[in-house]
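Q: Below is the file work_2.pdb, which contains PDB, C-alpha atoms.
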ATOM      1  CA  MET U   1     100.178  63.025  55.063
ATOM      2  CA  THR U   2      97.021  63.150  53.000
ATOM      3  CA  VAL U   3      94.121  65.405  53.901
ATOM      4  CA  LYS U   4      90.741  63.988  52.935
ATOM      5  CA  GLN U   5      88.452  66.462  51.232
ATOM      6  CA  SER U   6      85.629  65.418  53.588
ATOM      7  CA  ASN U   7      87.659  66.799  56.549
ATOM      8  CA  VAL U   8      88.201  70.207  54.944
ATOM      9  CA  SER U   9      85.653  72.973  55.433
ATOM     10  CA  ASN U  10      85.039  75.940  53.130
ATOM     11  CA  ASN U  11      86.995  74.272  50.318
ATOM     12  CA  VAL U  12      90.322  75.181  51.949
ATOM     13  CA  LEU U  13      92.933  72.479  51.624
ATOM     14  CA  SER U  14      95.932  72.569  53.961
ATOM     15  CA  HIS U  15      99.237  70.920  53.235
ATOM     16  CA  LEU U  16     102.343  70.286  55.246
ATOM     17  CA  PRO U  17     105.594  71.545  53.762
ATOM     18  CA  SER U  18     107.806  68.796  52.424
ATOM     19  CA  HIS U  19     111.049  70.671  51.734
ATOM     20  CA  GLU U  20     113.415  72.154  54.300
ATOM     21  CA  LYS U  21     113.230  75.619  52.707
ATOM     22  CA  ASP U  22     109.419  75.579  52.868
ATOM     23  CA  ILE U  23     109.499  74.511  56.523
ATOM     24  CA  TYR U  24     111.951  77.302  57.356
ATOM     25  CA  THR U  25     109.822  79.865  55.516
ATOM     26  CA  LEU U  26     106.624  78.742  57.220
ATOM     27  CA  PHE U  27     107.997  78.654  60.752
ATOM     28  CA  MET U  28     111.045  80.954  60.947
ATOM     29  CA  ASP U  29     111.384  83.459  58.117
ATOM     30  CA  GLY U  30     109.170  86.080  56.560
ATOM     31  CA  LYS U  31     106.397  88.364  57.727
ATOM     32  CA  HIS U  32     103.810  85.544  57.793
ATOM     33  CA  SER U  33     105.965  82.989  59.648
ATOM     34  CA  VAL U  34     104.929  81.501  62.976
ATOM     35  CA  LYS U  35     108.003  82.909  64.772
ATOM     36  CA  THR U  36     107.395  86.436  63.503
ATOM     37  CA  ASN U  37     103.773  86.388  64.595
ATOM     38  CA  LEU U  38     104.187  84.979  68.101
ATOM     39  CA  PRO U  39     103.112  87.496  70.738
ATOM     40  CA  VAL U  40     106.111  88.853  72.633
ATOM     41  CA  PRO U  41     106.484  91.754  75.043
ATOM     42  CA  THR U  42     107.705  94.968  73.417
ATOM     43  CA  THR U  43     111.211  95.939  74.488
ATOM     44  CA  PHE U  44     112.381  99.465  75.191
ATOM     45  CA  ASN U  45     115.682 101.040  76.174
ATOM     46  CA  ILE U  46     116.519 102.959  79.349
ATOM     47  CA  ALA U  47     120.150 104.125  79.712
ATOM     48  CA  ASN U  48     121.477 101.382  77.386
ATOM     49  CA  THR U  49     119.463  98.738  79.230
ATOM     50  CA  ALA U  50     117.008  96.482  77.395
ATOM     51  CA  CYS U  51     113.693  96.399  79.286
ATOM     52  CA  ILE U  52     110.138  95.080  79.125
ATOM     53  CA  SER U  53     107.321  96.297  81.345
ATOM     54  CA  LEU U  54     105.878  94.183  84.146
ATOM     55  CA  ASP U  55     102.416  94.593  82.584
ATOM     56  CA  ALA U  56     103.711  93.234  79.266
ATOM     57  CA  TYR U  57     105.297  90.245  81.015
ATOM     58  CA  ILE U  58     102.084  89.432  82.903
ATOM     59  CA  ASP U  59     100.102  89.747  79.645
ATOM     60  CA  HIS U  60     102.614  87.372  78.025
ATOM     61  CA  VAL U  61     102.171  84.796  80.796
ATOM     62  CA  LEU U  62      98.382  85.043  80.657
ATOM     63  CA  GLY U  63      98.532  84.846  76.847
ATOM     64  CA  HIS U  64     100.139  81.408  77.195
ATOM     65  CA  GLY U  65      97.197  80.281  79.323
ATOM     66  CA  ILE U  66      99.145  80.176  82.598
ATOM     67  CA  PRO U  67      96.878  81.284  85.460
ATOM     68  CA  ILE U  68      98.235  83.631  88.104
ATOM     69  CA  THR U  69      97.342  83.112  91.761
ATOM     70  CA  PHE U  70      96.236  86.207  93.644
ATOM     71  CA  ALA U  71      96.670  86.930  97.345
ATOM     72  CA  HIS U  72      93.327  88.710  97.087
ATOM     73  CA  ASP U  73      90.992  88.313  94.139
ATOM     74  CA  SER U  74      88.141  90.776  93.672
ATOM     75  CA  THR U  75      85.749  87.927  92.870
ATOM     76  CA  MET U  76      87.005  85.162  95.204
ATOM     77  CA  GLY U  77      88.242  87.165  98.196
ATOM     78  CA  SER U  78      91.466  86.543 100.097
ATOM     79  CA  ASN U  79      93.633  83.493  99.528
ATOM     80  CA  PHE U  80      95.516  82.366 102.649
ATOM     81  CA  ALA U  81      97.080  79.231 101.148
ATOM     82  CA  GLY U  82     100.852  78.789 101.048
ATOM     83  CA  MET U  83     102.893  81.968 101.301
ATOM     84  CA  TYR U  84      99.716  84.054 101.298
ATOM     85  CA  GLY U  85      99.009  82.746 104.795
ATOM     86  CA  LEU U  86     102.073  84.534 106.171
ATOM     87  CA  GLU U  87     101.309  87.452 108.471
ATOM     88  CA  GLN U  88     103.501  89.830 106.431
ATOM     89  CA  CYS U  89     101.664  88.975 103.216
ATOM     90  CA  GLN U  90      98.279  89.500 104.863
ATOM     91  CA  MET U  91      99.459  92.879 106.207
ATOM     92  CA  VAL U  92     100.537  93.992 102.706
ATOM     93  CA  VAL U  93      97.240  92.844 101.172
ATOM     94  CA  ASN U  94      95.223  94.625 103.879
ATOM     95  CA  SER U  95      97.279  97.813 103.408
ATOM     96  CA  ILE U  96      96.760  97.778  99.630
ATOM     97  CA  LEU U  97      93.020  97.207 100.007
ATOM     98  CA  ALA U  98      92.743  99.923 102.678
ATOM     99  CA  ASN U  99      94.410 102.454 100.358
ATOM    100  CA  SER U 100      92.629 101.389  97.180
ATOM    101  CA  PRO U 101      89.984 103.750  95.791
ATOM    102  CA  ASP U 102      87.808 100.713  94.950
ATOM    103  CA  PRO U 103      88.697  97.754  97.214
ATOM    104  CA  ALA U 104      85.745  95.679  95.971
ATOM    105  CA  ASN U 105      87.264  95.619  92.469
ATOM    106  CA  THR U 106      90.923  95.294  93.492
ATOM    107  CA  SER U 107      92.998  92.132  93.109
ATOM    108  CA  VAL U 108      96.437  91.768  94.690
ATOM    109  CA  MET U 109      99.214  89.624  93.233
ATOM    110  CA  VAL U 110     102.455  88.956  95.076
ATOM    111  CA  SER U 111     105.648  88.912  93.037
ATOM    112  CA  TYR U 112     109.361  89.096  93.737
ATOM    113  CA  LEU U 113     111.681  91.515  91.967
ATOM    114  CA  TRP U 114     115.361  90.719  92.223
ATOM    115  CA  LEU U 115     118.611  91.948  90.722
ATOM    116  CA  ASP U 116     121.710  89.964  89.980
ATOM    117  CA  GLY U 117     125.110  91.045  88.723
ATOM    118  CA  ILE U 118     127.293  88.879  86.535
ATOM    119  CA  LEU U 119     130.986  89.630  86.328
ATOM    120  CA  GLY U 120     132.462  88.830  82.918
ATOM    121  CA  SER U 121     136.068  88.820  84.034
ATOM    122  CA  ASN U 122     138.226  90.103  86.853
ATOM    123  CA  ILE U 123     140.423  92.271  84.612
ATOM    124  CA  ARG U 124     138.126  95.191  83.791
ATOM    125  CA  GLN U 125     135.277  95.025  86.275
ATOM    126  CA  LYS U 126     133.903  98.477  85.535
ATOM    127  CA  ASP U 127     133.282  97.866  81.833
ATOM    128  CA  ASN U 128     132.809  94.117  81.742
ATOM    129  CA  SER U 129     129.841  93.253  83.900
ATOM    130  CA  VAL U 130     126.194  92.508  83.210
ATOM    131  CA  TRP U 131     123.206  92.834  85.503
ATOM    132  CA  THR U 132     119.675  91.564  85.234
ATOM    133  CA  MET U 133     116.353  92.377  86.900
ATOM    134  CA  THR U 134     113.925  89.488  87.084
ATOM    135  CA  VAL U 135     110.444  88.989  88.451
ATOM    136  CA  THR U 136     108.965  85.836  89.926
ATOM    137  CA  ILE U 137     105.187  85.785  89.896
ATOM    138  CA  SER U 138     102.920  83.559  91.897
ATOM    139  CA  MET U 139     101.092  80.804  90.092
ATOM    140  CA  SER U 140      98.790  77.995  91.060
ATOM    141  CA  SER U 141     100.467  74.832  92.305
ATOM    142  CA  GLU U 142     100.078  72.942  89.002
ATOM    143  CA  HIS U 143     102.020  75.698  87.191
ATOM    144  CA  ALA U 144     104.519  76.458  89.966
ATOM    145  CA  ALA U 145     107.409  74.961  87.970
ATOM    146  CA  SER U 146     106.419  76.696  84.735
ATOM    147  CA  LYS U 147     109.133  78.372  82.677
ATOM    148  CA  TYR U 148     106.937  81.474  82.787
ATOM    149  CA  GLN U 149     107.088  81.810  86.583
ATOM    150  CA  THR U 150     110.300  83.848  86.403
ATOM    151  CA  GLY U 151     111.062  86.310  83.635
ATOM    152  CA  VAL U 152     113.686  88.903  82.810
ATOM    153  CA  LEU U 153     112.461  92.504  82.920
ATOM    154  CA  ALA U 154     115.791  94.255  82.286
ATOM    155  CA  LEU U 155     119.265  93.329  81.085
ATOM    156  CA  GLY U 156     122.092  95.831  81.105
TER     157      GLY U 156
END
With the file now loaded, output its structure as structure tokens.
A:
Amino acid sequence: MTVKQSNVSNNVLSHLPSHEKDIYTLFMDGKHSVKTNLPVPTTFNIANTACISLDAYIDHVLGHGIPITFAHDSTMGSNFAGMYGLEQCQMVVNSILANSPDPANTSVMVSYLWLDGILGSNIRQKDNSVWTMTVTISMSSEHAASKYQTGVLALG
């Protein structure tokens, strides 16, 4: 690929790497690589369990430009479409707003936390199992099948 000087601003000329080592360095290895500089949630450890915070996961989803659908948005009001139209969901939203110190500036998002255990083998169950905690967050219909809809919060 040739970059025409007329398309380059501030006298900066970009080039695409042509050798495998250069490609690997640019994208995968080193402190300036793309992989190293991608935003990722910070992990922490609780009782030998790798964790990320729910806030960090939501920031990660929003950082990828995936909008989150709220059951109640402080600017748009209540959303009664889909699962938000269920009586139980409306009761939870109303309870949160009633107990909020500033209901006019409170948004409510519905998410599902779930745990799952994975048994590695039937020989030593006590020491050979893994469990995971995941969260499924609500997104608009066009992003409902996004890979960011469900994420792992803990793995132990």
Q: Give me the residues near Asp59 (chain U) as a list of chain:residue names, where near means some atom within 9 Å (using only C-alpha atoms) and where sequence neighbours in that chain fewer than 5 positions away do not count.
A: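 Contacts, in chain order: U:Pro41, U:Leu54, U:His64.
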Q: Excluding Ser138 (chain U) and its own-chain neighbours fewer than 2 positions away, which residues fall within 8 Å of it when counting only C-alpha atoms? Please give them as a PDB file with C-alpha atoms, keeping the file's coordinate frame.
A:
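out.pdb written:
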ATOM      1  CA  ILE U  68      98.235  83.631  88.104  1.00  0.00           C
ATOM      2  CA  THR U  69      97.342  83.112  91.761  1.00  0.00           C
ATOM      3  CA  PHE U  70      96.236  86.207  93.644  1.00  0.00           C
ATOM      4  CA  MET U 109      99.214  89.624  93.233  1.00  0.00           C
ATOM      5  CA  VAL U 110     102.455  88.956  95.076  1.00  0.00           C
ATOM      6  CA  SER U 111     105.648  88.912  93.037  1.00  0.00           C
ATOM      7  CA  THR U 136     108.965  85.836  89.926  1.00  0.00           C
ATOM      8  CA  SER U 140      98.790  77.995  91.060  1.00  0.00           C
ATOM      9  CA  ALA U 144     104.519  76.458  89.966  1.00  0.00           C
ATOM     10  CA  GLN U 149     107.088  81.810  86.583  1.00  0.00           C
TER      11      GLN U 149
END
Q: Counting all atoms listed in the file, which of U:Met91, U:Ala56, U:Met28, U:Cys51 gets nearest to Trp131 (chain U)?
A: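 Ranking U:Met91, U:Ala56, U:Met28, U:Cys51 by distance to Trp131 (chain U), first place goes to U:Cys51.
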Q: Step by step, gather every atom of region 14-18 of chain U that the file lists, find the box along x, y and z that holds them, add 8 Å on each side, and finally give centre and edge lengths in Å to one decimal, as JSON.
A:
{"center_x": 101.9, "center_y": 70.7, "center_z": 53.8, "size_x": 27.9, "size_y": 19.8, "size_z": 18.8}
Q: So how far away is CA of Glu87 (chain U) from CA of Ser146 (chain U), in Å?
A: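 Straight-line distance from CA of Ser146 (chain U) to CA of Glu87 (chain U) works out to 26.6 Å.
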Q: How many Å separate CA of His15 (chain U) from CA of Val34 (chain U)?
A: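 So the answer is 15.5 Å.
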